[in-house]
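Next comes coords-v5.pdb, with PDB, C-alpha atoms, pLDDT in the B column.
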```pdb
ATOM      1  CA  MET A 274      56.850  65.807 -16.359  1.00 56.00           C
ATOM      2  CA  ASN A 275      56.906  68.990 -18.391  1.00 62.00           C
ATOM      3  CA  LEU A 276      53.349  69.923 -19.376  1.00 60.00           C
ATOM      4  CA  ASP A 277      54.655  72.495 -21.869  1.00 65.00           C
ATOM      5  CA  ASP A 278      56.652  70.040 -24.001  1.00 74.00           C
ATOM      6  CA  GLY A 279      54.046  69.774 -26.767  1.00 74.00           C
ATOM      7  CA  THR A 280      52.713  66.417 -25.593  1.00 81.00           C
ATOM      8  CA  PHE A 281      49.507  65.448 -23.844  1.00 83.00           C
ATOM      9  CA  PHE A 282      50.812  64.142 -20.517  1.00 86.00           C
ATOM     10  CA  GLY A 283      53.869  62.593 -22.204  1.00 84.00           C
ATOM     11  CA  ILE A 284      52.281  61.225 -25.393  1.00 85.00           C
ATOM     12  CA  ARG A 285      51.940  62.598 -28.886  1.00 86.00           C
ATOM     13  CA  ALA A 286      48.628  61.932 -30.574  1.00 87.00           C
ATOM     14  CA  PRO A 287      47.638  63.781 -33.744  1.00 89.00           C
ATOM     15  CA  VAL A 288      43.944  63.753 -32.774  1.00 90.00           C
ATOM     16  CA  ALA A 289      44.740  65.455 -29.442  1.00 91.00           C
ATOM     17  CA  GLU A 290      46.576  68.110 -31.434  1.00 91.00           C
ATOM     18  CA  LEU A 291      43.635  68.360 -33.847  1.00 93.00           C
ATOM     19  CA  PHE A 292      41.377  69.305 -30.926  1.00 95.00           C
ATOM     20  CA  ASP A 293      44.117  71.496 -29.379  1.00 95.00           C
ATOM     21  CA  LEU A 294      43.721  69.634 -26.056  1.00 95.00           C
ATOM     22  CA  ARG A 295      45.903  71.100 -23.321  1.00 94.00           C
ATOM     23  CA  ALA A 296      47.202  69.105 -20.387  1.00 94.00           C
ATOM     24  CA  GLN A 297      46.752  71.054 -17.168  1.00 94.00           C
ATOM     25  CA  ALA A 298      47.631  68.880 -14.140  1.00 95.00           C
ATOM     26  CA  MET A 299      48.255  65.267 -13.167  1.00 95.00           C
ATOM     27  CA  SER A 300      48.663  63.404  -9.879  1.00 94.00           C
ATOM     28  CA  ASP A 301      48.696  59.700  -8.959  1.00 90.00           C
ATOM     29  CA  ASP A 302      45.032  59.170  -9.811  1.00 96.00           C
ATOM     30  CA  THR A 303      43.812  62.331 -11.517  1.00 97.00           C
ATOM     31  CA  ALA A 304      44.280  64.391 -14.653  1.00 97.00           C
ATOM     32  CA  THR A 305      42.808  67.697 -15.729  1.00 98.00           C
ATOM     33  CA  ALA A 306      42.859  69.152 -19.225  1.00 97.00           C
ATOM     34  CA  ILE A 307      41.369  71.964 -21.248  1.00 97.00           C
ATOM     35  CA  LEU A 308      39.557  72.158 -24.574  1.00 98.00           C
ATOM     36  CA  PRO A 309      39.981  75.794 -25.613  1.00 98.00           C
ATOM     37  CA  TRP A 310      36.930  77.385 -27.220  1.00 97.00           C
ATOM     38  CA  SER A 311      37.231  77.475 -30.991  1.00 97.00           C
ATOM     39  CA  GLU A 312      34.686  78.167 -33.687  1.00 97.00           C
ATOM     40  CA  ARG A 313      35.858  74.997 -35.485  1.00 96.00           C
ATOM     41  CA  PHE A 314      34.431  72.848 -32.648  1.00 97.00           C
ATOM     42  CA  LEU A 315      30.911  74.280 -32.966  1.00 98.00           C
ATOM     43  CA  ASN A 316      27.939  72.290 -34.211  1.00 97.00           C
ATOM     44  CA  ALA A 317      24.973  73.627 -36.218  1.00 97.00           C
ATOM     45  CA  ALA A 318      23.391  74.972 -33.004  1.00 97.00           C
ATOM     46  CA  GLY A 319      26.470  77.091 -32.262  1.00 97.00           C
ATOM     47  CA  THR A 320      27.539  75.052 -29.214  1.00 98.00           C
ATOM     48  CA  ILE A 321      30.622  72.866 -28.685  1.00 98.00           C
ATOM     49  CA  SER A 322      30.038  69.573 -30.508  1.00 98.00           C
ATOM     50  CA  GLY A 323      29.684  66.245 -28.751  1.00 97.00           C
ATOM     51  CA  PRO A 324      32.704  64.745 -30.541  1.00 97.00           C
ATOM     52  CA  ALA A 325      34.937  67.566 -29.275  1.00 98.00           C
ATOM     53  CA  ILE A 326      33.707  67.066 -25.699  1.00 98.00           C
ATOM     54  CA  MET A 327      34.160  63.293 -26.006  1.00 98.00           C
ATOM     55  CA  ALA A 328      37.724  63.759 -27.287  1.00 97.00           C
ATOM     56  CA  LEU A 329      38.486  65.885 -24.229  1.00 98.00           C
ATOM     57  CA  LEU A 330      36.989  63.240 -21.953  1.00 98.00           C
ATOM     58  CA  ASP A 331      38.590  60.244 -23.666  1.00 97.00           C
ATOM     59  CA  PHE A 332      42.108  61.674 -23.549  1.00 96.00           C
ATOM     60  CA  THR A 333      41.788  63.032 -20.005  1.00 97.00           C
ATOM     61  CA  LEU A 334      40.231  59.823 -18.658  1.00 98.00           C
ATOM     62  CA  ALA A 335      43.040  57.867 -20.327  1.00 96.00           C
ATOM     63  CA  ALA A 336      45.591  60.196 -18.740  1.00 96.00           C
ATOM     64  CA  ALA A 337      44.038  59.580 -15.312  1.00 97.00           C
ATOM     65  CA  ALA A 338      44.192  55.824 -15.984  1.00 97.00           C
ATOM     66  CA  ARG A 339      47.973  56.002 -16.493  1.00 94.00           C
ATOM     67  CA  ALA A 340      48.653  58.834 -14.038  1.00 94.00           C
ATOM     68  CA  HIS A 341      50.393  56.519 -11.548  1.00 92.00           C
ATOM     69  CA  ASP A 342      53.322  56.139 -14.022  1.00 91.00           C
ATOM     70  CA  PRO A 343      52.442  58.133 -17.164  1.00 89.00           C
ATOM     71  CA  LEU A 344      55.647  57.675 -19.131  1.00 87.00           C
ATOM     72  CA  HIS A 345      55.640  53.872 -18.802  1.00 90.00           C
ATOM     73  CA  TRP A 346      52.017  53.145 -19.697  1.00 91.00           C
ATOM     74  CA  ARG A 347      49.814  53.539 -22.721  1.00 92.00           C
ATOM     75  CA  VAL A 348      46.091  52.890 -22.665  1.00 95.00           C
ATOM     76  CA  ALA A 349      43.427  51.738 -25.065  1.00 96.00           C
ATOM     77  CA  THR A 350      39.821  52.744 -24.526  1.00 97.00           C
ATOM     78  CA  LEU A 351      37.621  49.674 -24.064  1.00 98.00           C
ATOM     79  CA  ASP A 352      34.415  51.505 -23.170  1.00 98.00           C
ATOM     80  CA  LEU A 353      33.377  55.144 -22.910  1.00 98.00           C
ATOM     81  CA  SER A 354      29.969  56.293 -21.717  1.00 98.00           C
ATOM     82  CA  THR A 355      29.185  59.997 -21.859  1.00 98.00           C
ATOM     83  CA  LYS A 356      26.162  61.920 -20.626  1.00 98.00           C
ATOM     84  CA  PHE A 357      25.690  65.450 -21.970  1.00 98.00           C
ATOM     85  CA  LEU A 358      23.958  67.617 -19.385  1.00 98.00           C
ATOM     86  CA  ARG A 359      23.731  71.011 -21.092  1.00 98.00           C
ATOM     87  CA  PRO A 360      25.133  72.907 -24.085  1.00 98.00           C
ATOM     88  CA  ALA A 361      28.666  74.281 -23.914  1.00 98.00           C
ATOM     89  CA  ARG A 362      29.642  77.681 -25.260  1.00 97.00           C
ATOM     90  CA  SER A 363      33.092  78.344 -23.759  1.00 98.00           C
ATOM     91  CA  THR A 364      36.472  76.821 -22.994  1.00 98.00           C
ATOM     92  CA  LEU A 365      35.981  73.497 -21.207  1.00 98.00           C
ATOM     93  CA  LEU A 366      37.819  71.849 -18.314  1.00 98.00           C
ATOM     94  CA  ALA A 367      37.817  68.080 -17.759  1.00 98.00           C
ATOM     95  CA  GLU A 368      38.558  66.720 -14.280  1.00 98.00           C
ATOM     96  CA  CYS A 369      39.075  62.955 -14.425  1.00 98.00           C
ATOM     97  CA  HIS A 370      39.915  60.349 -11.798  1.00 98.00           C
ATOM     98  CA  SER A 371      41.097  56.758 -11.855  1.00 98.00           C
ATOM     99  CA  ASP A 372      38.541  54.942  -9.706  1.00 98.00           C
ATOM    100  CA  TYR A 373      40.151  51.482  -9.803  1.00 97.00           C
ATOM    101  CA  ARG A 374      43.205  49.849 -11.368  1.00 95.00           C
ATOM    102  CA  GLY A 375      43.419  46.064 -11.401  1.00 92.00           C
ATOM    103  CA  GLY A 376      45.937  44.178 -13.484  1.00 88.00           C
ATOM    104  CA  ARG A 377      45.777  45.745 -16.932  1.00 94.00           C
ATOM    105  CA  THR A 378      42.318  47.310 -16.564  1.00 97.00           C
ATOM    106  CA  CYS A 379      41.405  50.710 -15.181  1.00 98.00           C
ATOM    107  CA  PHE A 380      37.994  52.242 -14.499  1.00 98.00           C
ATOM    108  CA  ALA A 381      37.868  56.028 -14.584  1.00 98.00           C
ATOM    109  CA  SER A 382      35.266  58.775 -14.287  1.00 98.00           C
ATOM    110  CA  GLY A 383      35.233  62.424 -15.197  1.00 98.00           C
ATOM    111  CA  VAL A 384      33.328  65.679 -15.334  1.00 98.00           C
ATOM    112  CA  VAL A 385      33.494  68.527 -17.843  1.00 98.00           C
ATOM    113  CA  TYR A 386      32.882  72.100 -16.687  1.00 98.00           C
ATOM    114  CA  ASP A 387      32.474  75.278 -18.697  1.00 98.00           C
ATOM    115  CA  SER A 388      34.345  78.503 -17.931  1.00 98.00           C
ATOM    116  CA  GLU A 389      31.701  79.491 -15.360  1.00 98.00           C
ATOM    117  CA  GLY A 390      32.037  76.194 -13.456  1.00 98.00           C
ATOM    118  CA  THR A 391      28.766  74.753 -14.753  1.00 98.00           C
ATOM    119  CA  LYS A 392      28.763  70.975 -15.203  1.00 98.00           C
ATOM    120  CA  ILE A 393      28.434  70.189 -18.927  1.00 98.00           C
ATOM    121  CA  ALA A 394      29.030  66.428 -19.193  1.00 98.00           C
ATOM    122  CA  ILE A 395      29.952  63.359 -17.154  1.00 98.00           C
ATOM    123  CA  ALA A 396      31.644  60.171 -18.311  1.00 98.00           C
ATOM    124  CA  ASN A 397      32.819  56.739 -17.254  1.00 98.00           C
ATOM    125  CA  GLY A 398      35.454  54.772 -19.090  1.00 98.00           C
ATOM    126  CA  VAL A 399      37.236  51.438 -19.014  1.00 98.00           C
ATOM    127  CA  PHE A 400      40.834  51.347 -20.241  1.00 98.00           C
ATOM    128  CA  MET A 401      43.375  48.635 -20.951  1.00 98.00           C
ATOM    129  CA  LEU A 402      46.884  49.504 -19.778  1.00 96.00           C
ATOM    130  CA  THR A 403      49.917  48.373 -21.770  1.00 94.00           C
ATOM    131  CA  GLN A 404      53.564  49.087 -21.016  1.00 91.00           C
ATOM    132  CA  THR A 405      55.534  51.250 -23.425  1.00 84.00           C
TER     133      THR A 405
END
```
For this file, produce the structure as structure tokens.
Amino acid sequence: MNLDDGTFFGIRAPVAELFDLRAQAMSDDTATAILPWSERFLNAAGTISGPAIMALLDFTLAAAARAHDPLHWRVATLDLSTKFLRPARSTLLAECHSDYRGGRTCFASGVVYDSEGTKIAIANGVFMLTQT
């Protein structure tokens, strides 16, 4: 899969483009992606907004859920739980992992780090897999 083809791990989603999410790496059970720092993602406190961090997590968790065959699966988020640990002020990296796939359901977890490697947020998600 070409990560420079303008898609997010093989899919086109306008909201992923809105947040300028960048696919970084994918293996059978994992996906990593970047949310580049941008002033347009800042909240009133001058830190990266929760919705921007959740978009990064949702898309990267979903990518991990379909990482075993990314071009043949789509996913729908059934549940997403996010814990914000500290404010973010730089480019962010999400590292997400598929913890369990059974039938059409996948459970995934992920961590967001800032550019210094500090843990910013953690998340768990449940995804429904559908074939393309």
task = Would you write out, as an NGL selection string, every residue that the PyMOL selection byres ((chain A and resi 327) around 12) captures in this file?
result = :A and (288-289 or 292 or 294 or 308 or 314 or 321-326 or 328-335 or 353-357 or 365 or 367 or 383-385 or 393-398)
key: Gly279 in chain A environment, 12 Å, only C-alpha atoms, sequence neighbours closer than 3 positions dropped, as a PyMOL selection string   = chain A and resi 274-276+282-287+289-290+293-296
request  = Go through A:Phe281, A:Phe380, A:Tyr373, A:Trp346 and flag the residue nearest Thr305 in chain A, using only C-alpha atoms for the distances.
outcome  = A:Phe281
The centre and edge lengths of an axis-aligned box containing all atoms of range 361-375 of chain A present in the file, extended by 6 Å on each side, are to be given in Å to one decimal, as AutoDock Vina command-line options.
```
--center_x 36.0 --center_y 62.2 --center_z -17.5 --size_x 26.8 --size_y 44.3 --size_z 27.6
```
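Pairwise distance (CA of Gly376 in chain A, CA of Thr350 in chain A) equals 15.3 Å.
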message = Please expand the PyMOL selection byres ((chain A and resi 403) around 10) into the concrete residues it hits in this file, giving the result as a PyMOL selection string.
response = chain A and resi 339+345-349+377-378+400-402+404-405
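Residue nearest Ala337 in chain A within the list A:Asp278, A:Leu358, A:Ala381, A:Ile307: A:Ala381 [criterion: smallest interatomic distance, only C-alpha atoms].
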note = Atom pair CA of Ala298 in chain A + CA of Glu368 in chain A, distance 9.3 Å
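Interatomic distance, CA of Asp387 in chain A to CA of Arg313 in chain A: 17.1 Å.
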request  = Using all atoms listed in the file, find the one residue out of A:Thr320, A:Ser300, A:Val399, A:Glu312 that sits nearest to Leu351 in chain A.
outcome  = A:Val399
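With all atoms listed in the file as the basis for measurement, A:Ser363 is the residue among A:Ser363, A:Gln297, A:Thr303, A:Ser388 that approaches Leu315 in chain A most closely.
When all atoms listed in the file are used to compute distances to Trp310 in chain A, the closest of the residues A:Leu291, A:Leu344, A:Arg362, A:Asp352 turns out to be A:Arg362.
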Hey, could you patch up range 337-348 of chain A with all heavy atoms and hand it over as a PDB file, in the coordinates of the input?
```pdb
ATOM      1  N   ALA A 337      44.251  59.951 -16.710  1.00 97.00           N
ATOM      2  CA  ALA A 337      44.038  59.580 -15.312  1.00 97.00           C
ATOM      3  C   ALA A 337      44.309  58.093 -15.107  1.00 97.00           C
ATOM      4  O   ALA A 337      44.844  57.689 -14.067  1.00 97.00           O
ATOM      5  CB  ALA A 337      42.615  59.929 -14.877  1.00 97.00           C
ATOM      6  N   ALA A 338      43.975  57.268 -16.092  1.00 97.00           N
ATOM      7  CA  ALA A 338      44.192  55.824 -15.984  1.00 97.00           C
ATOM      8  C   ALA A 338      45.676  55.485 -15.881  1.00 97.00           C
ATOM      9  O   ALA A 338      46.054  54.533 -15.202  1.00 97.00           O
ATOM     10  CB  ALA A 338      43.575  55.108 -17.183  1.00 97.00           C
ATOM     11  N   ARG A 339      46.539  56.282 -16.524  1.00 94.00           N
ATOM     12  CA  ARG A 339      47.973  56.002 -16.493  1.00 94.00           C
ATOM     13  C   ARG A 339      48.751  56.984 -15.616  1.00 94.00           C
ATOM     14  O   ARG A 339      49.983  56.990 -15.607  1.00 94.00           O
ATOM     15  CB  ARG A 339      48.531  55.974 -17.917  1.00 94.00           C
ATOM     16  CG  ARG A 339      48.423  57.258 -18.665  1.00 94.00           C
ATOM     17  CD  ARG A 339      48.850  57.106 -20.132  1.00 94.00           C
ATOM     18  NE  ARG A 339      48.745  58.358 -20.827  1.00 94.00           N
ATOM     19  CZ  ARG A 339      49.670  59.321 -20.819  1.00 94.00           C
ATOM     20  NH1 ARG A 339      50.793  59.162 -20.165  1.00 94.00           N
ATOM     21  NH2 ARG A 339      49.464  60.441 -21.485  1.00 94.00           N
ATOM     22  N   ALA A 340      48.023  57.773 -14.833  1.00 94.00           N
ATOM     23  CA  ALA A 340      48.653  58.834 -14.038  1.00 94.00           C
ATOM     24  C   ALA A 340      49.638  58.312 -12.998  1.00 94.00           C
ATOM     25  O   ALA A 340      50.540  59.037 -12.586  1.00 94.00           O
ATOM     26  CB  ALA A 340      47.578  59.688 -13.357  1.00 94.00           C
ATOM     27  N   HIS A 341      49.488  57.076 -12.556  1.00 92.00           N
ATOM     28  CA  HIS A 341      50.393  56.519 -11.548  1.00 92.00           C
ATOM     29  C   HIS A 341      51.815  56.354 -12.085  1.00 92.00           C
ATOM     30  O   HIS A 341      52.766  56.321 -11.310  1.00 92.00           O
ATOM     31  CB  HIS A 341      49.854  55.183 -11.030  1.00 92.00           C
ATOM     32  CG  HIS A 341      49.728  54.124 -12.068  1.00 92.00           C
ATOM     33  ND1 HIS A 341      48.874  54.240 -13.153  1.00 92.00           N
ATOM     34  CD2 HIS A 341      50.342  52.931 -12.197  1.00 92.00           C
ATOM     35  CE1 HIS A 341      48.976  53.152 -13.900  1.00 92.00           C
ATOM     36  NE2 HIS A 341      49.865  52.343 -13.342  1.00 92.00           N
ATOM     37  N   ASP A 342      52.003  56.268 -13.404  1.00 91.00           N
ATOM     38  CA  ASP A 342      53.322  56.139 -14.022  1.00 91.00           C
ATOM     39  C   ASP A 342      53.170  56.478 -15.512  1.00 91.00           C
ATOM     40  O   ASP A 342      53.292  55.620 -16.371  1.00 91.00           O
ATOM     41  CB  ASP A 342      53.846  54.715 -13.832  1.00 91.00           C
ATOM     42  CG  ASP A 342      55.336  54.599 -14.091  1.00 91.00           C
ATOM     43  OD1 ASP A 342      55.973  55.612 -14.452  1.00 91.00           O
ATOM     44  OD2 ASP A 342      55.863  53.480 -13.954  1.00 91.00           O
ATOM     45  N   PRO A 343      52.898  57.745 -15.829  1.00 89.00           N
ATOM     46  CA  PRO A 343      52.442  58.133 -17.164  1.00 89.00           C
ATOM     47  C   PRO A 343      53.408  57.888 -18.312  1.00 89.00           C
ATOM     48  O   PRO A 343      52.973  57.723 -19.444  1.00 89.00           O
ATOM     49  CB  PRO A 343      52.132  59.618 -17.019  1.00 89.00           C
ATOM     50  CG  PRO A 343      52.902  60.067 -15.841  1.00 89.00           C
ATOM     51  CD  PRO A 343      52.986  58.885 -14.925  1.00 89.00           C
ATOM     52  N   LEU A 344      54.699  57.858 -18.042  1.00 87.00           N
ATOM     53  CA  LEU A 344      55.647  57.675 -19.131  1.00 87.00           C
ATOM     54  C   LEU A 344      55.918  56.204 -19.433  1.00 87.00           C
ATOM     55  O   LEU A 344      56.583  55.887 -20.414  1.00 87.00           O
ATOM     56  CB  LEU A 344      56.946  58.418 -18.827  1.00 87.00           C
ATOM     57  CG  LEU A 344      56.784  59.935 -18.653  1.00 87.00           C
ATOM     58  CD1 LEU A 344      58.115  60.581 -18.338  1.00 87.00           C
ATOM     59  CD2 LEU A 344      56.126  60.571 -19.861  1.00 87.00           C
ATOM     60  N   HIS A 345      55.408  55.300 -18.603  1.00 90.00           N
ATOM     61  CA  HIS A 345      55.640  53.872 -18.802  1.00 90.00           C
ATOM     62  C   HIS A 345      54.390  53.106 -19.217  1.00 90.00           C
ATOM     63  O   HIS A 345      54.438  51.899 -19.385  1.00 90.00           O
ATOM     64  CB  HIS A 345      56.244  53.255 -17.534  1.00 90.00           C
ATOM     65  CG  HIS A 345      57.619  53.766 -17.275  1.00 90.00           C
ATOM     66  ND1 HIS A 345      57.878  54.731 -16.327  1.00 90.00           N
ATOM     67  CD2 HIS A 345      58.804  53.481 -17.864  1.00 90.00           C
ATOM     68  CE1 HIS A 345      59.170  55.002 -16.337  1.00 90.00           C
ATOM     69  NE2 HIS A 345      59.752  54.265 -17.254  1.00 90.00           N
ATOM     70  N   TRP A 346      53.270  53.807 -19.336  1.00 91.00           N
ATOM     71  CA  TRP A 346      52.017  53.145 -19.697  1.00 91.00           C
ATOM     72  C   TRP A 346      51.358  53.848 -20.865  1.00 91.00           C
ATOM     73  O   TRP A 346      51.401  55.071 -20.978  1.00 91.00           O
ATOM     74  CB  TRP A 346      51.039  53.124 -18.517  1.00 91.00           C
ATOM     75  CG  TRP A 346      51.509  52.281 -17.389  1.00 91.00           C
ATOM     76  CD1 TRP A 346      52.140  52.711 -16.257  1.00 91.00           C
ATOM     77  CD2 TRP A 346      51.411  50.866 -17.272  1.00 91.00           C
ATOM     78  NE1 TRP A 346      52.432  51.643 -15.449  1.00 91.00           N
ATOM     79  CE2 TRP A 346      51.993  50.489 -16.044  1.00 91.00           C
ATOM     80  CE3 TRP A 346      50.879  49.864 -18.086  1.00 91.00           C
ATOM     81  CZ2 TRP A 346      52.068  49.177 -15.613  1.00 91.00           C
ATOM     82  CZ3 TRP A 346      50.944  48.552 -17.657  1.00 91.00           C
ATOM     83  CH2 TRP A 346      51.541  48.219 -16.435  1.00 91.00           C
ATOM     84  N   ARG A 347      50.729  53.065 -21.695  1.00 92.00           N
ATOM     85  CA  ARG A 347      49.814  53.539 -22.721  1.00 92.00           C
ATOM     86  C   ARG A 347      48.470  52.911 -22.386  1.00 92.00           C
ATOM     87  O   ARG A 347      48.399  51.919 -21.672  1.00 92.00           O
ATOM     88  CB  ARG A 347      50.241  53.083 -24.125  1.00 92.00           C
ATOM     89  CG  ARG A 347      51.544  53.677 -24.582  1.00 92.00           C
ATOM     90  CD  ARG A 347      51.332  55.131 -25.027  1.00 92.00           C
ATOM     91  NE  ARG A 347      52.527  55.658 -25.654  1.00 92.00           N
ATOM     92  CZ  ARG A 347      53.357  56.501 -25.075  1.00 92.00           C
ATOM     93  NH1 ARG A 347      53.143  56.897 -23.845  1.00 92.00           N
ATOM     94  NH2 ARG A 347      54.393  56.968 -25.717  1.00 92.00           N
ATOM     95  N   VAL A 348      47.413  53.464 -22.915  1.00 95.00           N
ATOM     96  CA  VAL A 348      46.091  52.890 -22.665  1.00 95.00           C
ATOM     97  C   VAL A 348      45.301  52.805 -23.957  1.00 95.00           C
ATOM     98  O   VAL A 348      45.527  53.568 -24.895  1.00 95.00           O
ATOM     99  CB  VAL A 348      45.290  53.698 -21.616  1.00 95.00           C
ATOM    100  CG1 VAL A 348      45.969  53.693 -20.270  1.00 95.00           C
ATOM    101  CG2 VAL A 348      45.048  55.110 -22.069  1.00 95.00           C
TER     102      VAL A 348
END
```
